[in-house]
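S.K.: If it helps, the file is called final.cif and holds mmCIF, C-alpha atoms:
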```cif
data_start
#
loop_
_atom_site.group_PDB
_atom_site.id
_atom_site.type_symbol
_atom_site.label_atom_id
_atom_site.label_comp_id
_atom_site.auth_asym_id
_atom_site.auth_seq_id
_atom_site.Cartn_x
_atom_site.Cartn_y
_atom_site.Cartn_z
ATOM 1 C CA MET A 1 155.421 24.187 186.113
ATOM 2 C CA THR A 2 158.045 24.521 183.386
ATOM 3 C CA ALA A 3 157.247 26.158 180.087
ATOM 4 C CA ARG A 4 157.133 23.812 177.149
ATOM 5 C CA PRO A 5 159.201 24.582 174.047
ATOM 6 C CA ASN A 6 157.527 26.241 171.082
ATOM 7 C CA ARG A 7 155.910 23.808 168.711
ATOM 8 C CA THR A 8 154.768 24.171 165.138
ATOM 9 C CA SER A 9 151.168 23.688 166.249
ATOM 10 C CA ASP A 10 151.337 26.566 168.738
ATOM 11 C CA PRO A 11 149.684 29.778 167.613
ATOM 12 C CA PRO A 12 152.216 32.489 166.798
ATOM 13 C CA ALA A 13 153.268 34.584 169.761
ATOM 14 C CA ALA A 14 152.679 38.318 169.632
ATOM 15 C CA PRO A 15 155.880 40.178 168.673
ATOM 16 C CA HIS A 16 155.499 42.387 171.754
ATOM 17 C CA ALA A 17 153.170 42.744 174.707
ATOM 18 C CA ARG A 18 150.745 45.627 174.652
ATOM 19 C CA THR A 19 151.035 47.993 177.550
ATOM 20 C CA SER A 20 147.696 49.669 177.025
ATOM 21 C CA PRO A 21 144.640 48.779 174.943
ATOM 22 C CA ALA A 22 144.553 52.248 173.378
ATOM 23 C CA ARG A 23 147.970 51.928 171.775
ATOM 24 C CA ARG A 24 148.061 53.502 168.320
ATOM 25 C CA SER A 25 149.575 51.833 165.229
ATOM 26 C CA GLU A 26 152.277 54.501 164.933
ATOM 27 C CA ASP A 27 153.465 53.546 168.453
ATOM 28 C CA ARG A 28 154.002 49.921 167.459
ATOM 29 C CA PRO A 29 157.348 48.700 166.151
ATOM 30 C CA PRO A 30 157.383 47.445 162.541
ATOM 31 C CA LEU A 31 156.594 43.736 162.085
ATOM 32 C CA ASP A 32 159.881 43.161 160.322
ATOM 33 C CA PRO A 33 162.667 44.159 162.727
ATOM 34 C CA MET A 34 165.134 44.405 159.819
ATOM 35 C CA ALA A 35 162.958 46.908 157.913
ATOM 36 C CA SER A 36 163.379 50.576 158.608
ATOM 37 C CA ALA A 37 160.458 52.942 159.002
ATOM 38 C CA THR A 38 161.491 54.817 155.856
ATOM 39 C CA GLU A 39 161.967 51.734 153.701
ATOM 40 C CA VAL A 40 160.101 51.971 150.404
ATOM 41 C CA ARG A 41 158.651 48.674 149.215
ATOM 42 C CA PRO A 42 157.066 48.097 145.806
ATOM 43 C CA GLU A 43 153.305 47.684 145.582
ATOM 44 C CA GLY A 44 152.068 44.171 146.207
ATOM 45 C CA TYR A 45 151.000 41.678 148.806
ATOM 46 C CA TYR A 46 153.291 41.283 151.794
ATOM 47 C CA PRO A 47 151.894 38.846 154.341
ATOM 48 C CA THR A 48 152.109 39.976 157.931
ATOM 49 C CA GLY A 49 152.373 37.725 160.908
ATOM 50 C CA PRO A 50 155.036 35.632 162.521
ATOM 51 C CA LEU A 51 158.453 35.666 160.988
ATOM 52 C CA PRO A 52 159.582 32.297 159.630
ATOM 53 C CA GLY A 53 162.076 30.460 161.741
ATOM 54 C CA PRO A 54 162.972 27.077 163.117
ATOM 55 C CA ALA A 55 160.092 27.082 165.626
ATOM 56 C CA HIS A 56 157.421 28.073 163.117
ATOM 57 C CA ASP A 57 156.924 26.866 159.555
ATOM 58 C CA GLU A 58 154.851 29.412 157.661
ATOM 59 C CA ASP A 59 153.449 26.811 155.242
ATOM 60 C CA ALA A 60 152.629 24.057 157.748
ATOM 61 C CA PRO A 61 148.838 23.467 157.733
ATOM 62 C CA VAL A 62 148.205 23.413 161.482
ATOM 63 C CA TYR A 63 145.167 25.587 162.288
ATOM 64 C CA VAL A 64 141.650 24.156 162.239
ATOM 65 C CA ILE A 65 139.016 26.386 160.699
ATOM 66 C CA SER A 66 137.756 27.838 164.008
ATOM 67 C CA ILE A 67 141.266 28.895 165.114
ATOM 68 C CA ALA A 68 142.138 30.265 161.665
ATOM 69 C CA ALA A 69 138.877 32.247 161.693
ATOM 70 C CA GLN A 70 139.758 33.699 165.104
ATOM 71 C CA LEU A 71 143.282 34.607 163.981
ATOM 72 C CA ALA A 72 141.958 36.262 160.823
ATOM 73 C CA GLY A 73 139.072 37.987 162.626
ATOM 74 C CA MET A 74 136.407 36.321 160.485
ATOM 75 C CA HIS A 75 133.531 33.895 160.842
ATOM 76 C CA PRO A 76 134.336 30.257 159.948
ATOM 77 C CA GLN A 77 131.585 30.305 157.318
ATOM 78 C CA THR A 78 133.451 33.126 155.535
ATOM 79 C CA LEU A 79 136.537 30.920 155.368
ATOM 80 C CA ARG A 80 134.439 28.100 153.887
ATOM 81 C CA SER A 81 133.022 30.397 151.207
ATOM 82 C CA TYR A 82 136.507 31.769 150.382
ATOM 83 C CA ASP A 83 137.652 28.159 149.993
ATOM 84 C CA ARG A 84 134.673 27.397 147.733
ATOM 85 C CA LEU A 85 135.443 30.495 145.626
ATOM 86 C CA GLY A 86 139.133 29.555 145.419
ATOM 87 C CA LEU A 87 140.439 32.711 147.092
ATOM 88 C CA VAL A 88 142.231 30.915 149.930
ATOM 89 C CA THR A 89 142.641 27.162 149.576
ATOM 90 C CA PRO A 90 143.747 25.484 152.822
ATOM 91 C CA GLY A 91 145.433 22.128 153.163
ATOM 92 C CA ARG A 92 143.279 19.077 153.828
ATOM 93 C CA THR A 93 143.583 16.207 156.287
ATOM 94 C CA ALA A 94 142.938 12.584 155.372
ATOM 95 C CA GLY A 95 139.349 13.082 156.576
ATOM 96 C CA ARG A 96 139.001 16.150 154.265
ATOM 97 C CA GLY A 97 139.064 18.627 157.178
ATOM 98 C CA ARG A 98 140.516 22.040 156.432
ATOM 99 C CA ARG A 99 143.896 22.976 157.928
ATOM 100 C CA TYR A 100 145.164 26.523 157.534
ATOM 101 C CA SER A 101 148.810 27.603 157.645
ATOM 102 C CA ALA A 102 150.165 30.903 158.935
ATOM 103 C CA ARG A 103 150.516 32.008 155.296
ATOM 104 C CA ASP A 104 146.828 31.178 154.709
ATOM 105 C CA VAL A 105 145.831 33.252 157.761
ATOM 106 C CA ALA A 106 147.902 36.187 156.487
ATOM 107 C CA LEU A 107 146.226 35.802 153.093
ATOM 108 C CA LEU A 108 142.799 35.813 154.763
ATOM 109 C CA ARG A 109 143.707 39.050 156.534
ATOM 110 C CA GLU A 110 144.764 40.566 153.217
ATOM 111 C CA VAL A 111 141.502 39.479 151.552
ATOM 112 C CA GLN A 112 139.582 41.069 154.415
ATOM 113 C CA ARG A 113 141.619 44.284 154.147
ATOM 114 C CA LEU A 114 141.096 44.535 150.395
ATOM 115 C CA SER A 115 137.397 43.876 150.766
ATOM 116 C CA GLN A 116 136.628 46.144 153.721
ATOM 117 C CA GLU A 117 139.188 48.941 153.553
ATOM 118 C CA GLU A 118 139.779 49.181 149.813
ATOM 119 C CA GLY A 119 136.252 48.231 148.689
ATOM 120 C CA VAL A 120 137.451 45.624 146.169
ATOM 121 C CA ASN A 121 134.932 42.933 145.188
ATOM 122 C CA LEU A 122 135.804 39.233 145.392
ATOM 123 C CA GLU A 123 136.588 38.876 141.681
ATOM 124 C CA GLY A 124 138.927 41.872 141.933
ATOM 125 C CA ILE A 125 140.576 40.283 144.964
ATOM 126 C CA ARG A 126 141.016 37.031 143.024
ATOM 127 C CA GLN A 127 142.739 38.962 140.222
ATOM 128 C CA ILE A 128 144.961 40.847 142.692
ATOM 129 C CA LEU A 129 146.011 37.609 144.392
ATOM 130 C CA HIS A 130 146.629 35.926 141.029
ATOM 131 C CA LEU A 131 148.757 38.812 139.777
ATOM 132 C CA SER A 132 150.664 39.000 143.072
ATOM 133 C CA ALA A 133 151.446 35.279 142.838
ATOM 134 C CA GLN A 134 152.548 35.772 139.230
ATOM 135 C CA VAL A 135 154.857 38.647 140.229
ATOM 136 C CA MET A 136 156.400 36.569 143.020
ATOM 137 C CA ALA A 137 156.963 33.653 140.625
ATOM 138 C CA LEU A 138 158.606 35.956 138.077
ATOM 139 C CA GLN A 139 160.813 37.500 140.777
ATOM 140 C CA ALA A 140 161.922 34.005 141.808
ATOM 141 C CA GLN A 141 162.685 33.190 138.157
ATOM 142 C CA VAL A 142 164.727 36.398 137.796
ATOM 143 C CA ARG A 143 166.713 35.483 140.931
ATOM 144 C CA GLN A 144 167.342 31.987 139.552
ATOM 145 C CA LEU A 145 168.440 33.298 136.139
ATOM 146 C CA THR A 146 170.698 35.896 137.793
ATOM 147 C CA GLU A 147 172.381 33.149 139.819
ATOM 148 C CA GLU A 148 172.829 31.030 136.666
ATOM 149 C CA LEU A 149 174.306 34.002 134.803
ATOM 150 C CA THR A 150 176.728 34.704 137.648
ATOM 151 C CA ARG A 151 177.825 31.043 137.670
ATOM 152 C CA ALA A 152 178.271 31.100 133.871
ATOM 153 C CA ARG A 153 180.393 34.269 134.049
ATOM 154 C CA VAL A 154 182.606 32.805 136.774
ATOM 155 C CA ASP A 155 183.002 29.611 134.739
ATOM 156 C CA ALA A 156 183.871 31.568 131.560
ATOM 157 C CA GLU A 157 186.450 33.666 133.435
ATOM 158 C CA ARG A 158 187.966 30.471 134.866
ATOM 159 C CA GLN A 159 188.204 28.918 131.397
ATOM 160 C CA VAL A 160 189.863 32.052 129.988
ATOM 161 C CA ALA A 161 192.366 32.048 132.861
ATOM 162 C CA GLU A 162 193.122 28.347 132.214
ATOM 163 C CA ALA A 163 193.636 29.054 128.503
ATOM 164 C CA HIS A 164 196.039 31.901 129.274
ATOM 165 C CA ALA A 165 197.919 29.743 131.750
ATOM 166 C CA SER A 166 198.344 26.987 129.161
ATOM 167 C CA HIS A 167 200.103 29.258 126.612
ATOM 168 C CA ARG A 168 203.737 28.428 125.959
ATOM 169 C CA ARG A 169 206.141 30.918 127.449
ATOM 170 C CA ASP A 170 209.139 30.040 125.241
ATOM 171 C CA LEU A 171 207.553 31.563 122.141
ATOM 172 C CA VAL A 172 208.056 35.242 121.527
ATOM 173 C CA PRO A 173 205.193 37.185 120.034
ATOM 174 C CA VAL A 174 206.061 38.908 116.767
ATOM 175 C CA ASP A 175 204.591 42.185 115.672
ATOM 176 C CA ARG A 176 202.859 41.451 112.411
ATOM 177 C CA GLY A 177 202.465 45.113 111.479
ATOM 178 C CA ALA A 178 205.313 45.248 108.907
ATOM 179 C CA ILE A 179 206.306 42.567 106.451
ATOM 180 C CA VAL A 180 209.883 42.529 105.197
ATOM 181 C CA VAL A 181 210.668 40.490 102.130
ATOM 182 C CA TRP A 182 214.304 39.618 101.597
ATOM 183 C CA ARG A 183 215.455 39.110 98.092
ATOM 184 C CA PRO A 184 219.022 38.078 97.548
ATOM 185 C CA LEU A 185 221.059 40.017 95.100
ATOM 186 C CA PRO A 186 221.686 38.231 91.852
ATOM 187 C CA ARG A 187 224.989 36.358 91.748
ATOM 188 C CA ARG A 188 227.536 37.558 89.277
#
```
Would you put the structure from the file into structure tokens?
M.R.:
Amino acid sequence: MTARPNRTSDPPAAPHARTSPARRSEDRPPLDPMASATEVRPEGYYPTGPLPGPAHDEDAPVYVISIAAQLAGMHPQTLRSYDRLGLVTPGRTAGRGRRYSARDVALLREVQRLSQEEGVNLEGIRQILHLSAQVMALQAQVRQLTEELTRARVDAERQVAEAHASHRRDLVPVDRGAIVVWRPLPRR
């Protein structure tokens, strides 16, 4: 039997196979292969999970509630209550069924971590998620404005270069530092 190609609806593959069930977290490679172990990242929400790529769209709503609950390590009823509270809002099908994306599953894991490990209540989690989304939106706006500024600078430099190139070369600049007034001598 031949292996079928990866599809968007396939659950994400594990980044590596475990060799023993008692493997510690410090033995595991980082989720982001481009990140170094000493990299310092600012505080905030960084979803974990599969890296985006052509075989997997992070925002595609593909997981039904039971699969999303399994992936997040939660009960499906917890996902329903988080949806009701507005913490994690999944996509909907035409029949109003919930469909979770990989990003939603990562967000569910983060909600669970904040709740269980950090002891944050649900309203605190809602505020954290709201502020994290606000920070990400502002960072995107800064990137956009930086790109616009760079384009404007390049355009201004091009216009200055065009203006300099259009100057006439047959005119000689005169130093205007000293003014000499010639007065003819009176005729006798």
S.K.: Go ahead and compute the interatomic distance for atom CA of A:Ala133 and atom CA of A:Val88, in Å to one decimal.
M.R.: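 Computing it gives 12.4 Å between the two atoms.
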S.K.: Around all of stretch 149-163 of chain A's listed atoms, make the axis-aligned box with 3 Å on each side and tell me centre and edge lengths in Å to one decimal, as lines of an AutoDock Vina configuration file.
M.R.:
```
center_x = 184.0
center_y = 31.5
center_z = 133.1
size_x = 25.3
size_y = 12.4
size_z = 15.2
```
S.K.: So what do you get for atom CA of A:His75 versus atom CA of A:Gln112, distance-wise?
M.R.: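 Here the two named atoms are 11.4 Å from each other.
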S.K.: Quick one: residues within 12 Å of stretch 113-115 of chain A, all atoms listed in the file counted, chain neighbours fewer than 4 positions away excluded, as a PyMOL selection string?
M.R.: chain A and resi 44-45+47-48+72-74+106-109+119-129
